[in-house]
Every structure is written in C-alpha cells, then in structure tokens.
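Undergrad: The structure under discussion is supplied below as structure tokens; questions concerning it will follow.
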Amino acid sequence: MIEVRAQKQLGEFRLDAAFEAPAGVTALFGRSGAGKTSLANAVAGLLRPEAGRIAVDGTVLFDSARRIDLPVRHRRIGYVFQDARLFPHRTVARNLSYGGRHDAARVIEMLGLGPLLDRYPAALSGGEASRVALGRALMSDPVMLILDEPLSALDAPRKAEILPYLERLRDTVRLPILYVSHSASEVARLATTLVIMEAGRVLRVGPAEEVMADPAAVPLLGVQEAGSLITARVEAYDAEDDLTELALSAGRLLLPGRAGVPGQPLRLRIAAQDVILSLEEPSGLSALTRLPVTVTRVEEGRGPGVAVGLAAGTDRLLARLTRRSARSMGLAPGQQVWAIVKATAVAPQDVGG
Amino acid sequence: MIEVRAQKQLGEFRLDAAFEAPAGVTALFGRSGAGKTSLANAVAGLLRPEAGRIAVDGTVLFDSARRIDLPVRHRRIGYVFQDARLFPHRTVARNLSYGGRHDAARVIEMLGLGPLLDRYPAALSGGEASRVALGRALMSDPVMLILDEPLSALDAPRKAEILPYLERLRDTVRLPILYVSHSASEVARLATTLVIMEAGRVLRVGPAEEVMADPAAVPLLGVQEAGSLITARVEAYDAEDDLTELALSAGRLLLPGRAGVPGQPLRLRIAAQDVILSLEEPSGLSALTRLPVTVTRVEEGRGPGVAVGLAAGTDRLLARLTRRSARSMGLAPGQQVWAIVKATAVAPQDVGG
Amino acid sequence: MQWLGPEEWAAVRLSLRVSAMATLCSLPLGLLVAQALARGRFAGRGVLNALVHLPLVLPPVVTGYLLLLALGRRAPLGAWLAERGIAFAFSWTGAALAAAIMGFPLMVRAMRLGIEGVDPRLEQAAATLGASRLRIWLTVTLPLALPGILAGTILAFAKAMGEFGATITFASNIPGETRTVPLAIYEFLQVPGGEGAALRLVAVSLVLALGAVAASEALAQRSAARRRG
Amino acid sequence: MQWLGPEEWAAVRLSLRVSAMATLCSLPLGLLVAQALARGRFAGRGVLNALVHLPLVLPPVVTGYLLLLALGRRAPLGAWLAERGIAFAFSWTGAALAAAIMGFPLMVRAMRLGIEGVDPRLEQAAATLGASRLRIWLTVTLPLALPGILAGTILAFAKAMGEFGATITFASNIPGETRTVPLAIYEFLQVPGGEGAALRLVAVSLVLALGAVAASEALAQRSAARRRG
Amino acid sequence: ERVLVFAAASLGGTLDEALAPWEAATGHDAVVAYAGSSALARQIEAGAPAQVFISANEAWMDSLDAAALLAPGTRRDLLGNSLVLISGEADVLALEDLPQTLGEGWLAMALTQAVPAGIYGREALVSLDLWDSLEPRVVQAEDVRAALALVALGEAPFGITYASDAAAEPRVHVAATFPADSHAPIRYPAAALAGSGPVAVDLLDWLSGPEAGQVFAAAGFDLP
Ligand SMILES: Nc1ncnc2c1ncn2[C@@H]1O[C@H](COP(=O)(O)OP(=O)(O)OP(=O)(O)O)[C@@H](O)[C@H]1O
Ligand SMILES: Nc1ncnc2c1ncn2[C@@H]1O[C@H](COP(=O)(O)OP(=O)(O)OP(=O)(O)O)[C@@H](O)[C@H]1O
Ligand code: MOO
Ligand SMILES: [Mg+2]
Ligand SMILES: [Mg+2]
C-alpha cells in the first residue's frame, strides 16, 4: 500500500501529484518530462515536497502537516536511478555490497555480474552498469523498491532474465515496487497499478488491467502499447510440444513454453494489435487460441484505428482494427464474434508469474 | 560506405570486429557488453585500436598500417553518447549551438526543445537530456552520425516524432549513421545494414532485410525481435478510411494512416510473431491483408517455437508458430499456404520512409 | 586621516597593487602549468612539479635570496633583463614577482585540482563537436575548473597580501616603492611599543584580503548554483 | 657526517618531526573544516572561512606574535594550558603548532575543493542504501575527495618544512628544540660565509619535501588510474 | 647545567666560539638561540625560559628592564661596534663624496626605522648632512646581514654596516668609517634574566672577560 501526495515547484515545472496504490508493482507511466523521476525522488526522500504526505505500508515517510520527514537512510528504499550512480572508487563487488549482502548469490547470478566483480565502474558498459545498480539496490534488502527505467539499457534476453526475479519479489516477499518505464510490455507484465502522469499531475490511476484495457487510455499509452491484462489459470503443461495450456473464463489459451504450475494464476498481457476478430469460427489457422467474445464498445480514435472493447467471459480484451475492417465487419456493441489471439505474440515476455 | 576493422584489448575484453556497410543506417545490435559502444568509440576516435582501419565514405579516419589517426575533431562525427554528456555549465541553448547551428530551428522544433533552451542540464529530466544530446549532435552538421541508444529514455510518441527525422537524414542528406540499439523495431525501421555483435566480434553482417528474415538469426535478435523487412510500393491512399494501400510482389497490404506518396517505395517490418498462417484462404477476418505464400524453410528453435520462412512473391516473410501449430498444419517446405498480416501490428512504428 | 599615517596608506595602496599585479600576471602561467601537471604526461613533469612546490618548501628568505642571485645585476639573466630596461630588484615589480612566486604553488595546486576534476568525457564530447584543443580548453575545461581556478587565484592574492620574507630580501624595503603592508608591519614590530600601529595595519590588510576572499566565494557560489539547477 | 654537522642533522630530524606532527594533527580538523565550508550552510560560515584564511593573509611574524600573545606563559590561555602540562611556546610542539596554523589555509582549501568536487548524487545513492551520514562521509565523500585531501596534506607538509617567520617568533630558535631547518638556514645566513652551509641544508630539506610531494603524487595517481578503468 | 642564551642574530657564530672554552672549563652547557632582538625580547616578555639575553638593541633591553624582567645588577654593555661604509670595491672614499659617487646606485642599509644598525646609520647620515640627498637611494634590508649581502652580491655598490660584519665578509671592503660622534654609541647590552641562577651571571662574566674579548675583537667588535 503506497500513498503519495506531493507538491513541489521546480523552476517552471510544478509537481502536484497524488495517488494511492495497493501492494504490488505501481507503474509510473508518462512522457519524458512528465515528472516521474521527481515523484520517485519525493518518495525516496531526495526531493522534499513543499506539501504532501507519503506513506508506504502504513509507515509515514513524509507528512508536511505533521512535520514528519524520515531521513533517506531510514526509509530503506532501494532506488535504481535513471543514471546508474555507481561509486566510481569501489569495485563492482564493493558497490554491490555497500547496502548489504541480501540474497547476494542469487542476485549476482541472475544479473550475470559474476565476471564483473573485480572491475571498477569506469570499465563497465552501459548495460552492465545498470545491472550493477539494480543488483546493489536489491542486495540492500529494501522494504520498497524504486526502479527508474532499470531495463532500458538492456537487451531483450537480459530483460527476460530479470523480469521473473522482480515478479518473484512482488509476489513472494510482497515488496512494494514503484516502477518507472516507457515500455508498456514491461509495465503490463509487472504492474498491479498503473499511474499515468502528464505535466506533473496524475491523469489516471487504477488497476493495470482496467487502465490498459480502457479504450480511452489508448492515446495515453501510445497506440502500440495499448492492450489488456487478463488473469488466467494454468491448466496443464504439454511437454511434447512445450506448450502451457491456460484456462480463461471464455476458453483455452495455449502459450509456448512452460509457465507456472497447474492451478497457479497467471497474468497475461494481450496487446490490442495482436487480437484479430473473425465473424465465423476460424479454422485451419496457425493461431491456436480462438475465443468467443462480445463486442462491448467501439471507440474511434483520432487516427485510422478503431479500439474495440470485448468481453471474453468475465475478462476484458481490447482489439485494434482499421476503420475499414470495423465497418466491413459491421461491428457494434452486443455483437458476438470470435477473437483470435496468436500465442507466440503473447509469450514469453508478457506473461506475468 | 563504412569500413571498420578494429582490434583492442580492454582489460579482459577483446574487441576484434570488422565489417563493411554501404551507405545508409548501419545498426549495431548485440547483448549488453558485446562491444557496441567500444566499436563506436573507435570509429569516433575516442578509442584508439591497436590495429585496424576505419574509413567512412572513402575518407580514411584510422589506419594502423599507414599510421593514420585523424584527430577526433576533424572526423566531424556527430556522436550521441549512451550517457548524455551535456556541458553542465552551459544552458541547453548553448549546449545545442556548441558544434554549430545547422538546421537549428527544425531540430529544436522536432525534439521539442523550445521550452528548455534557458535551462541548465541539471534541471532536465532523463529523456530531456537525451533529446538535447541528440539535438547537439545534429546541429553540428556532421558528415556521419553515431547514435548510441539515443531513444531508449524516450516515450513512444516522442520516438515516433524523431524517427522520421533520422530517416530523412538517411535518405535526403545520405548521412551515414551508425546506430546502436536494443530495439529491433527501431533497427528494422532505420537500418540498411545490420551488424550483430557478440563478445567483441561481429557475428553476422548483411542487409537488414536478409539478416532479420533469416530464421537462423532469430536467437541472435531475441525471439520477440525477429521478423522480416519488405520493400513495398505505395499504390493509393484511401482518405475515407485513412488507409494506405501498398503493393507487394505477392499482393496488397493495407496500412492504417497515410504513408508516402503513390509510387514511392516503402520499407515495412513484419514481425515474425505478427504473421498467422492459414491453410485455406481466410474470410470474415478483421485482418485485411492475406497473401498467398510458399513455405521455404521450417526451423525448430531451442524453445517451443518454430520459425517458418516464407516466399511471398519475390519477398521473404518470417512467421513464428508454436510447434503444435506447425505440426497440425503439416507445414513443410514447398507447401502453399496463406499468410495473414494484421495491418495494425505493422503500423505506424515499423514503417520506414 | 588620523588613524593611519600617509605612509601607511601608501603601503596599503602599494600592497594592493603588488598583490593584484602578482596575481594577474601569474594567472596565465599558473593555468598553463596546472593544465600540464593535471593532464600532461611529458618527460619533465616531475621536475616541473618539484619546481612549482619549491617556494613553498623553502624558507621565504631563501627564495628571496635565490631570486637575488638569479635576477641580480651580476647574474646573466638579470643583466640581460636590465639591458632591456627590466629591473626587478628594489622595485615594486620585484615585490610583485616575489609575491607571485611565493603564491605560485598555492595557485597551481588549486587550479590543478580544479582541472583534474573536469570529466574528460565532456572534453571528448566537445571534440566530437569539432572543437579545437584550445577551444575545448577555453569553453569546457576552464569553466568547469572554475572553483579551483578561483580558489587558486584567491589563495595567491591572499598570500601576496601577507608575503614578507621573500619580498624584503629580494625587493628590499623602499618606502613608496616596495614597502608593502607586511614590511611596514614588521618595521613597527621591531620597535618597542610599535604594536599598536602594527595592529592597525594588520586590520586594514585583513579587511582587504578577507573582502577579496568573500567576493571570490560569492562568485563561486553563484556559478555553482546555476549548475546545480 | 662531514657534510652536515650533528646540529644540522638534528635540525633536519626536528623539521621532519615538527612537519609530520603539524600535518597529522591538523588533518582531522582540516577535514572537518573543509567539509563544513564545502557543504555546510550555517551562520558562522563566513567567519570560519575568514579565520581559516587568516594565517595566509597575515605576515608570518604577525601570526607568530599573535600566537605568543595567546599562548605565551604569561597569557591566560597559555598559563591555563601550562598548568596542565601543555606548553607550546618555546617547545617543539609550539613549532609544530605554528607550522600547522601556517599550513592550515592551504590544507583546508585543497580539501574543500576535493569535497566540493564530489557528486552529491553519489552521497544520495549511499543514503538510499541505508548508510549513515558518517558512513557516507567515510566511504563515499572522503575517498572521492582523495586527490584534494592528498594535495592539502602535502601542501601543509611542504609549508611546514619551509615555515620560518611564525616559528621563530612564537617558538624561538632553540637548538635541538625549535631550531628547524629554515631557522638553521637563517642562522647560517646571518653568519658571513655561511651561505655554503645554508645551501647544504636547503638541499637536504628540498630532497625531503620534494620526496614527499612525489610520493603523494604517485599515491594519487594510483588511485586515479583504477578509477579511470 | 644548561643555560639558555637569547642572543641577537648578528652575534651568530662568534658567540658560540667565545663560549666554547667556558663550557669546556665549567662543564656547563650553553645553548644559544639566535634571532632578531625584538623577537627575543617579546619572547622574554611572554615568559621564555631563557637565562641570558644579549641584545643588539638598547631600546629592547630598556623595555625589559622597565618590566623588571632582568636580574637586578646584571645588565652591562658587553660589546661595542663602529659603523662603516662598505663597498664591493677596495677604494677608500670620503663620506662627503658618497652621494656623487653613488649616483644612480643603491645604498644598502638595515631598516632605518626599526633595526639598530639602520637607525644608527641614518642618525650618522643626518648628522653628516647627507641623509636628504641619499634617502631616495637607500634600500633597507631586513637586517644588517641582509644589507651586507646586497653589497656582497653587487646589488648595491655601497652599504652601511657594523665593522664586525664587514670584517667577516671577504667580498666587501671598508670604504670609510663613520665618526664615533656622528651617532649614538653602539652598544650590545647583556643581562641575566629574572629568576636565573648564578651560572648565568658566571657566563656573562666570562663573556665580559679577556679571553672572550679576544674572540670578539677578532670578529671586529669593539670592547666597551
Ligand atoms: N531543478 C529544476 N528546475 C527546473 N525544472 C526542473 C528541475 N528539475 C526537474 N525539472 C523539470 O521537471 C520536469 C519533470 O522532470 P522529471 O525528471 O521528473 O521527468 P521524468 O518524468 O522523469 O522524465 P523522463 O522520462 O524524461 O526521465 C522536467 O520537465 C524537468 O525539466
Ligand atoms: N577499460 C575497460 N577495462 C575492462 N573492460 C572493459 C573496459 N571498457 C569496456 N570494457 C568491457 O568491454 C565490454 C564491451 O563494452 P561496451 O561498452 O562496448 O559494450 P556495449 O556493447 O556498448 O554494451 P551495452 O549495451 O551494455 O552498452 C564490456 O564487457 C565492458 O565491461
Ligand atoms: O612563512 Mo613566510 O615566513 O611566508 O614569509
Ligand atoms: Mg526521469
Ligand atoms: Mg554501450
């Protein structure tokens, strides 16, 4: 549970943001200069708001009314800065251990830091430095994490190794995480709550599923980034084809690879652009997942696209079509159609644990 | 025309890379620590190779055999560093004009720097700083650009504003660009040539279309990043539906929005995961593009996925399916199937000008 | 003026002139030497460094004496200069020279720290933007080294205001010409009961020197504030 | 030893002891003051800064005289200290005190430059990792300010090796007790024909002081090289 | 027993030589601290642990006397000196011709307001009616030895020092001696300091004695 309210004038920029978020990952999403880093700094205690209140899991970190301002070091917030901020005079090993040696072996392994331990930061590549910064924050055994674009300098395979670790922190240790990112797929995968910022203010807050599946949020997220989050249950794993079968409220979905264990709930992000609609039940297609859905909403955007809200059982899906398609199919709320989801488009990056 | 051969020992890391690339954008792609920045530094003159030769458009910048080592300032290479490296004691305006005022108004406009001109770098957000760095390099009127992950701190809408500008530089001024990125969609959109690096060496070089459409390159690019590049020709623009019709060698493709002018060639990236295969000609689908294709190759990867090479007329396409789909469809080289491409998945980010 | 006699005011004016001259004239050389020591990797680096520290390590009187040996009329260099009408010994320019040399190690050290603190990657960035070495130095290195340069300048100035031993040995004590405030103070202190006059002069020179220190402080602060954003 | 007499070697040993003592004892205070001036925003900051610069601005003899006034046996503070067995005037500790005070502005300025050069964002990063202020200072600020700290230390040491005016005024010139190398050199210069002996002493103290400078240089270089990667 | 002697810097060397036989004979240890008379006098005022003070300057001894810091009855004039005009050249010069001979050259003196040799010298030039014409050409050195050095180095063609200084420096020659009545008598007062013991007086007596007198005379000092 994170509660943030902060006001601060920075030159001509005014930060005036407030939101509340339940446990889990709270993603801060917004354009460059929207105030994400400033807000994160306020939470960490590096920027003192003129007025406001910041509390994490019931602990008040800052309250201008009650003149509470917990010193940074007592907040125990592991902060991965947008710039790595490694200590240049300490080796990687001594950077990592500066705040503690919590879960050291696993962090070093997961981030692939083993070969770097004796190096000084000046001899690291950009991505290596950002991994060390992440490791340093994780090893300090924080009660909360702030990650400011921690993965933006990393390649896809490396991201794929780190995200599950963050998911485990979110789910097993129940560590609150404030996550700043420009990547909707990262956000979708991790975020419980999505906070959309613009010009220092919070435009929209809510459960990530809702905000992302809301056709009205498409322009905020960027056309390519919109999509829906669905919680599915793992049914079975087919070792021969290396496929995991998931149960949705409206049917089955097949994911490549092994994900979770049977019975476990799993979060999936299905990008609006990866959903195809069909008037008849399709057959002979390489896409294995077809769900009967009901059109709930047809939203014309500014561009050529149409965002179509769908109810798939109790889940909500979002599809993005061209206007011509929508017209030729005669889509209207209440209509029954088939949604085709390509399993390979979902997996493995966008599957939350 | 870029010609690079460089050897250098950096601690335990050995850079030993060589490639040649024609005019246009040469993308350096590779995992964190692969040596991309080091190679870019060698080209810029910031890292002196022990041996090697570097030439751009016929001008020899470095040649260990002939003891040529052009000073950095005479290379006239606009370099956007992985870290922004703005001059902290100069305002944004005076950072921008440090190397010249080439195309100043347009660059400032395109990068949205107008409101920042009087600020000092310390008062910039991460993304703002990276935009200023890009602007500073562009305004120095370079004869070559090196861009080391210039867009990674930027949001999708901002990227969508910058990419066309870079494309114009590539096409109109014919500026050679060395582009380091982890984002396949950026690379696909811009790159003429793709250089894949690993552990200091060049693993694969070639025209971007070829490398990306080569099923064997999928693991190098990352599963999510593989796809094919196709050059299409603009046929017509449908103002009512805001759709552009493109002619491929195998048929028509509809893109949302207006792209190019009739007769103009256009590059498209079609991600492997966005291609669905169908045994029969599909109907009643929201996806508007369906192309008759011939299976050329079925490549089983390490994971659950299968990469399928397709010939669509004279173009090559790549599709990624689950193994089960491939089997149930009985895919084999020579087989005639239909490829369904979702127009909204292609547009607008992956359309090159 | 009752409080200080005209001769004392003359000493104050002279001290200011000598110190200003010493500081301004050693500034360019100090910057060059600081740059060379900070970044250069040349053969005589160690020797140059030792040379710069010399006036700090030597008793001031010895420095003055060595100056006399080097620039005196019988010395080749001194004779050569004298022929060209440049005489240092027994003139206010000599006092300035002595003060400059005594302050030089302080000036260079501070400037060097400032220059060493400049991130060479910013200089690289400037080079990629086509700037020449000189332009980089003037537009990137120097402005970023400003705190060190200011500190070096003010240290040299303050030292010049207080310099005694080398000055009296090299430039002697000629009222109106080389009798700076410290020399005047020394004179007062030699006579029983002269403390009062000495302390009045001390007070004046303190006000001036510390005023300069405070001014440089304010300057440094202003430029730092902008950079902090 | 033919070359220098036993009394001269005694002066050399004494100078080393005095300079080492002066440098080591002023080190912690110098660091504190440098930190306060670099980062503190407190009321007496300007005054503290002026005070620190004082010994630079004052002629050394005046500093010695003021020390004598403050710490002589007849002065209240001096008497109070003497009762507790702490006598500065006329003892080698007094020479060390004089040297320390004369070197203090140089030490503090360099250290302050070093500390000001430390990126406060690194200190912030340390705070987010749970480090206390003291730990941050010891593990981040000081190591990163090392070039400045080394420079300050070596400047103070070099100055102590060369200090004359304040020492002879405050601690007097007592052979074996306060007769440091610069005082011995002065004495030789007082005796006609003593230049040779004086120059020999100059040479010895130069070798020592410049050796220390070179050593500190090497140390700074080593730690810089690692950081440069 | 250890006796700490505070002595004017210009006695450096000579005094050690004069004291060596006394130390050998008595077994006492004379430790001499040389510095400017003013510095030594101030240190004595501040409580310096010296037993004997030999000043080059009567005024400072007077001021210690007035402050009752001297052991009563021990003050004496230990040495005298004469004032000479020195030159790098071996030629003898009539004092009246000095301004003309000097021309644009410099006349080196000790500080004329502060240091005894300078004060005496100025007094002498004033009484000889030469001061007004010479004043602009005077360079004042920190002390009489520094003035001597300026002449020895050739920086100044002439200088005014004590005869004892001139005697010890082979590179200078005495061009003229100032008449004894052109300035106040030059005296080096010496005294044991308050609280000192009999050994200090014994040391003083030895210095006033004939054996030490020979040493001083050889060094160019006058005996009172
Ligand atoms: N000290 C300051 N003075 C003036 N403006 C400031 C200052 N600090 C930050 N700003 C401005 O505040 C805005 C928010 O900055 P912030 O760093 O929080 O953005 P952000 O959302 O993290 O952006 P990005 O994604 O680019 O990192 C920016 O426009 C920035 O220029
Ligand atoms: N001075 C050095 N000493 C030792 N190793 C070095 C040095 N400089 C770079 N390296 C190593 O060389 C490798 C290549 O670094 P480089 O910065 O070129 O990688 P990169 O491909 O740009 O990676 P990233 O995508 O993370 O920025 C890295 O493993 C890095 O740690
Ligand atoms: O120490 Mo001095 O004695 O600078 O003239
Ligand atoms: Mg930010
Ligand atoms: Mg890199």
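Convention: chains lettered A, B, ... in structure tokens order; per-chain residue numbering from 1; ligands numbered from 1 as shown.
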Pair the Cα atoms of chain D and chain C in order, fit the first onto the second, and let me know the RMSD in Å.
TA: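 With chain D fitted onto chain C, the C-alpha RMSD reads 0.3 Å.
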Undergrad: As an NGL selection string, please: every residue in segment 39-221 of chain E that a backbone DSSP assignment puts in strand (DSSP E or B).
TA: :E and (52-54 or 70 or 76-80 or 83-87 or 107-110 or 138-141 or 158-162 or 173-177 or 187-193)
Undergrad: Output as a ChimeraX atom specification the set of chain D residues within 10 Å of chain E, with distances taken over only C-alpha atoms.
TA: /D:61,64-65,68-75,78,89-90,168-176,178-179,183-184,186-194
Undergrad: Skip Asp16 of chain A itself and residues of its chain fewer than 6 positions away, then list as an MDAnalysis selection string all residues within 7 Å of it, counting only C-alpha atoms.
TA: chainID A and resid 6:8 200:201
Undergrad: Find the residues near ligand 2. Use a cut-off of 6 Å, count only C-alpha atoms and all ligand atoms, and write them as a list of chain:residue names.
TA: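 Selection of residues at most 6 Å from ligand 2: A:Ala123, A:Leu124, A:Ser125, A:Gly126, A:Gly127, A:Glu128, B:Leu10, B:Gly11, B:Glu12, B:Phe13, B:Arg31, B:Ser32, B:Gly33, B:Ala34, B:Gly35, B:Lys36, B:Thr37, B:Ser38, D:Gly229.
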Undergrad: I need the chosen residues saved as a compact mmCIF listing (two decimals), in the first residue's frame, with N, CA, C and O atoms.
TA:
# COMPACT_ATOMS: atom_id res chain seq x y z
N ALA A 123 35.01 0.76 -16.14
CA ALA A 123 35.28 -0.26 -17.16
C ALA A 123 34.03 -1.08 -17.48
O ALA A 123 34.13 -2.18 -17.99
N LEU A 124 32.85 -0.54 -17.18
CA LEU A 124 31.62 -1.28 -17.49
C LEU A 124 30.93 -0.68 -18.70
O LEU A 124 31.02 0.51 -18.96
N SER A 125 30.20 -1.51 -19.41
CA SER A 125 29.36 -0.99 -20.48
C SER A 125 28.09 -0.41 -19.87
O SER A 125 27.81 -0.58 -18.69
N GLY A 126 27.34 0.32 -20.70
CA GLY A 126 26.13 0.96 -20.19
C GLY A 126 25.17 -0.04 -19.53
O GLY A 126 24.67 0.18 -18.43
N GLY A 127 24.95 -1.13 -20.20
CA GLY A 127 24.02 -2.13 -19.66
C GLY A 127 24.57 -2.81 -18.43
O GLY A 127 23.83 -3.12 -17.48
N GLU A 128 25.87 -3.04 -18.43
CA GLU A 128 26.48 -3.65 -17.25
C GLU A 128 26.32 -2.75 -16.03
O GLU A 128 25.97 -3.21 -14.94
N LEU B 10 40.71 -4.50 -23.91
CA LEU B 10 40.22 -3.63 -22.83
C LEU B 10 40.10 -4.51 -21.59
O LEU B 10 39.12 -5.24 -21.44
N GLY B 11 41.09 -4.45 -20.72
CA GLY B 11 41.06 -5.39 -19.60
C GLY B 11 41.01 -6.79 -20.16
O GLY B 11 41.82 -7.18 -21.00
N GLU B 12 40.02 -7.55 -19.74
CA GLU B 12 39.92 -8.92 -20.24
C GLU B 12 39.07 -9.02 -21.50
O GLU B 12 38.94 -10.09 -22.09
N PHE B 13 38.48 -7.91 -21.85
CA PHE B 13 37.60 -7.91 -23.02
C PHE B 13 38.41 -7.65 -24.27
O PHE B 13 39.21 -6.73 -24.32
N ARG B 31 24.09 -8.03 -27.38
CA ARG B 31 23.73 -8.00 -25.98
C ARG B 31 24.57 -6.97 -25.24
O ARG B 31 25.59 -6.49 -25.74
N SER B 32 24.13 -6.67 -24.02
CA SER B 32 24.86 -5.75 -23.17
C SER B 32 26.29 -6.26 -22.99
O SER B 32 26.50 -7.43 -22.67
N GLY B 33 27.27 -5.39 -23.24
CA GLY B 33 28.66 -5.79 -23.09
C GLY B 33 29.25 -6.44 -24.31
O GLY B 33 30.37 -6.94 -24.29
N ALA B 34 28.52 -6.43 -25.42
CA ALA B 34 29.02 -7.09 -26.63
C ALA B 34 30.15 -6.29 -27.28
O ALA B 34 30.89 -6.82 -28.10
N GLY B 35 30.24 -5.00 -26.96
CA GLY B 35 31.31 -4.19 -27.53
C GLY B 35 30.83 -3.14 -28.49
O GLY B 35 31.62 -2.55 -29.23
N LYS B 36 29.53 -2.86 -28.46
CA LYS B 36 28.96 -1.89 -29.40
C LYS B 36 29.52 -0.49 -29.15
O LYS B 36 29.99 0.18 -30.08
N THR B 37 29.49 -0.06 -27.90
CA THR B 37 29.99 1.27 -27.59
C THR B 37 31.48 1.37 -27.87
O THR B 37 31.97 2.37 -28.40
N SER B 38 32.21 0.32 -27.55
CA SER B 38 33.65 0.35 -27.80
C SER B 38 33.92 0.52 -29.29
O SER B 38 34.79 1.31 -29.69
N GLY D 229 39.68 3.24 -14.94
CA GLY D 229 39.25 1.95 -15.51
C GLY D 229 40.19 1.42 -16.57
O GLY D 229 41.04 2.11 -17.06
Undergrad: Return as a list in words every polymer residue, whether protein, DNA or RNA, with at least one atom no more than 6 Å from an atom of ligand 3; count only C-alpha atoms and all ligand atoms.
TA: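 Using only C-alpha atoms and all ligand atoms, I find these residues within 6 Å of ligand 3: Pro60, Glu163, Phe164 and Gly165 of chain C; Pro60, Glu163, Phe164 and Gly165 of chain D.
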Undergrad: Emit the selected residues as a CSV table (one decimal), in the first residue's frame, including N, CA and C atoms.
TA:
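So the final result, stored in result-v8.csv, reads:
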chain,number,residue,atom,x,y,z
C,60,PRO,N,61.1,31.6,3.1
C,60,PRO,CA,60.9,32.7,2.2
C,60,PRO,C,62.2,33.5,1.9
C,163,GLU,N,52.8,38.3,2.1
C,163,GLU,CA,54.2,37.9,1.9
C,163,GLU,C,55.2,38.9,2.5
C,164,PHE,N,56.2,38.3,3.2
C,164,PHE,CA,57.1,39.2,3.8
C,164,PHE,C,58.6,38.9,3.4
C,165,GLY,N,59.0,37.6,3.8
C,165,GLY,CA,60.4,37.2,3.7
C,165,GLY,C,61.0,37.4,2.4
D,60,PRO,N,53.8,36.3,8.4
D,60,PRO,CA,54.0,35.2,9.3
D,60,PRO,C,54.5,35.7,10.7
D,163,GLU,N,58.4,26.7,6.8
D,163,GLU,CA,57.9,27.8,7.7
D,163,GLU,C,59.0,28.4,8.5
D,164,PHE,N,59.1,29.7,8.5
D,164,PHE,CA,60.1,30.4,9.2
D,164,PHE,C,59.6,31.4,10.2
D,165,GLY,N,58.9,32.4,9.6
D,165,GLY,CA,58.5,33.6,10.4
D,165,GLY,C,57.7,33.3,11.7
Undergrad: As an NGL selection string, please: the residues near Ala180 of chain E (cut-off 8 Å, only C-alpha atoms, same-chain neighbours under 5 positions excluded).
TA: :E and (82-83 or 185)
Undergrad: Name the closest residue to chain B among the candidates A:Pro207, A:Gly52, A:Pro150, A:Gly135; distances are taken between atoms, counting only C-alpha atoms.
TA: A:Pro150
Undergrad: Restrict the distance test to only C-alpha atoms, flag each residue of chain B within 6 Å of chain A, and return the flagged residues as a list in words.
TA: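 Listed by rising number, the hits are Arg31, Ser32, Gly33, Ser125, Gly127, Ser152, Asp155, His182, Asp241, Asp242, Pro256, Gly257, Gln273, Ile276, Leu277, Ser278, Leu279, Gly284, Leu285, Ser286, Pro304, Arg323, Arg324, Ser325, Thr344 and Ala345 of chain B.
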Undergrad: Env of segment 187-197 of chain B: 10 Å cut, atoms = only C-alpha atoms, seq-sep filter 6 positions within chain, self excluded. Answer as number ranges by chain.
TA: B: 17-31, 33-36, 39, 163-164, 166-167, 170, 177-181, 203-212, 217, 220-221, 225-229, 267-271, 349-353
Undergrad: Considering only C-alpha atoms, return as a PDB file with N, CA and C atoms, in the first residue's frame whatever protein or nucleic-acid residues lie within 8 Å of Arg252 of chain B, sequence-local ones (same chain, fewer than 2 positions apart) excluded.
TA:
ATOM      1  N   GLU B 245      -2.769   1.915 -49.322  1.00  0.00           N
ATOM      2  CA  GLU B 245      -2.688   0.617 -49.952  1.00  0.00           C
ATOM      3  C   GLU B 245      -1.293   0.456 -50.536  1.00  0.00           C
ATOM      4  N   LEU B 246      -0.654  -0.671 -50.223  1.00  0.00           N
ATOM      5  CA  LEU B 246       0.693  -0.930 -50.702  1.00  0.00           C
ATOM      6  C   LEU B 246       0.673  -2.149 -51.603  1.00  0.00           C
ATOM      7  N   ALA B 247       1.546  -2.113 -52.589  1.00  0.00           N
ATOM      8  CA  ALA B 247       1.667  -3.283 -53.454  1.00  0.00           C
ATOM      9  C   ALA B 247       2.905  -4.058 -53.053  1.00  0.00           C
ATOM     10  N   LEU B 248       2.703  -5.320 -52.736  1.00  0.00           N
ATOM     11  CA  LEU B 248       3.825  -6.224 -52.529  1.00  0.00           C
ATOM     12  C   LEU B 248       3.922  -7.083 -53.779  1.00  0.00           C
ATOM     13  N   ALA B 250       3.508 -10.064 -53.857  1.00  0.00           N
ATOM     14  CA  ALA B 250       2.530 -11.156 -53.779  1.00  0.00           C
ATOM     15  C   ALA B 250       1.105 -10.666 -53.569  1.00  0.00           C
ATOM     16  N   LEU B 254      -2.712  -3.364 -46.593  1.00  0.00           N
ATOM     17  CA  LEU B 254      -3.329  -2.107 -46.181  1.00  0.00           C
ATOM     18  C   LEU B 254      -2.717  -1.643 -44.874  1.00  0.00           C
ATOM     19  N   THR B 289      -5.055  -8.026 -44.636  1.00  0.00           N
ATOM     20  CA  THR B 289      -4.046  -8.460 -45.596  1.00  0.00           C
ATOM     21  C   THR B 289      -3.876  -9.965 -45.549  1.00  0.00           C
ATOM     22  N   ARG B 290      -4.059 -10.597 -46.653  1.00  0.00           N
ATOM     23  CA  ARG B 290      -3.815 -12.038 -46.754  1.00  0.00           C
ATOM     24  C   ARG B 290      -3.037 -12.279 -48.025  1.00  0.00           C
ATOM     25  N   LEU B 291      -1.942 -12.973 -47.893  1.00  0.00           N
ATOM     26  CA  LEU B 291      -1.048 -13.163 -49.029  1.00  0.00           C
ATOM     27  C   LEU B 291      -0.837 -14.643 -49.267  1.00  0.00           C
TER      28      LEU B 291
END
Undergrad: Could you check which of E:Val126, E:Ala117, E:Ala30, E:Val151 is closest to Glu17 of chain E, using only C-alpha atoms?
TA: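 Of the candidates, the smallest distance to Glu17 of chain E is held by E:Ala30.
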Undergrad: Using only C-alpha atoms, find the one residue out of D:Leu51, D:Leu206, D:Met107, D:Ala38 that sits nearest to Gln221 of chain C.
TA: D:Ala38
Undergrad: List every residue of segment 11-220 of chain E that DSSP, applied to the backbone of this structure, assigns to alpha helix (DSSP H), and report them as a PyMOL selection string.
TA: chain E and resi 14-26+37-45+58-66+98-102+116-127+131-134+144-152+163-168+198-208+210-218
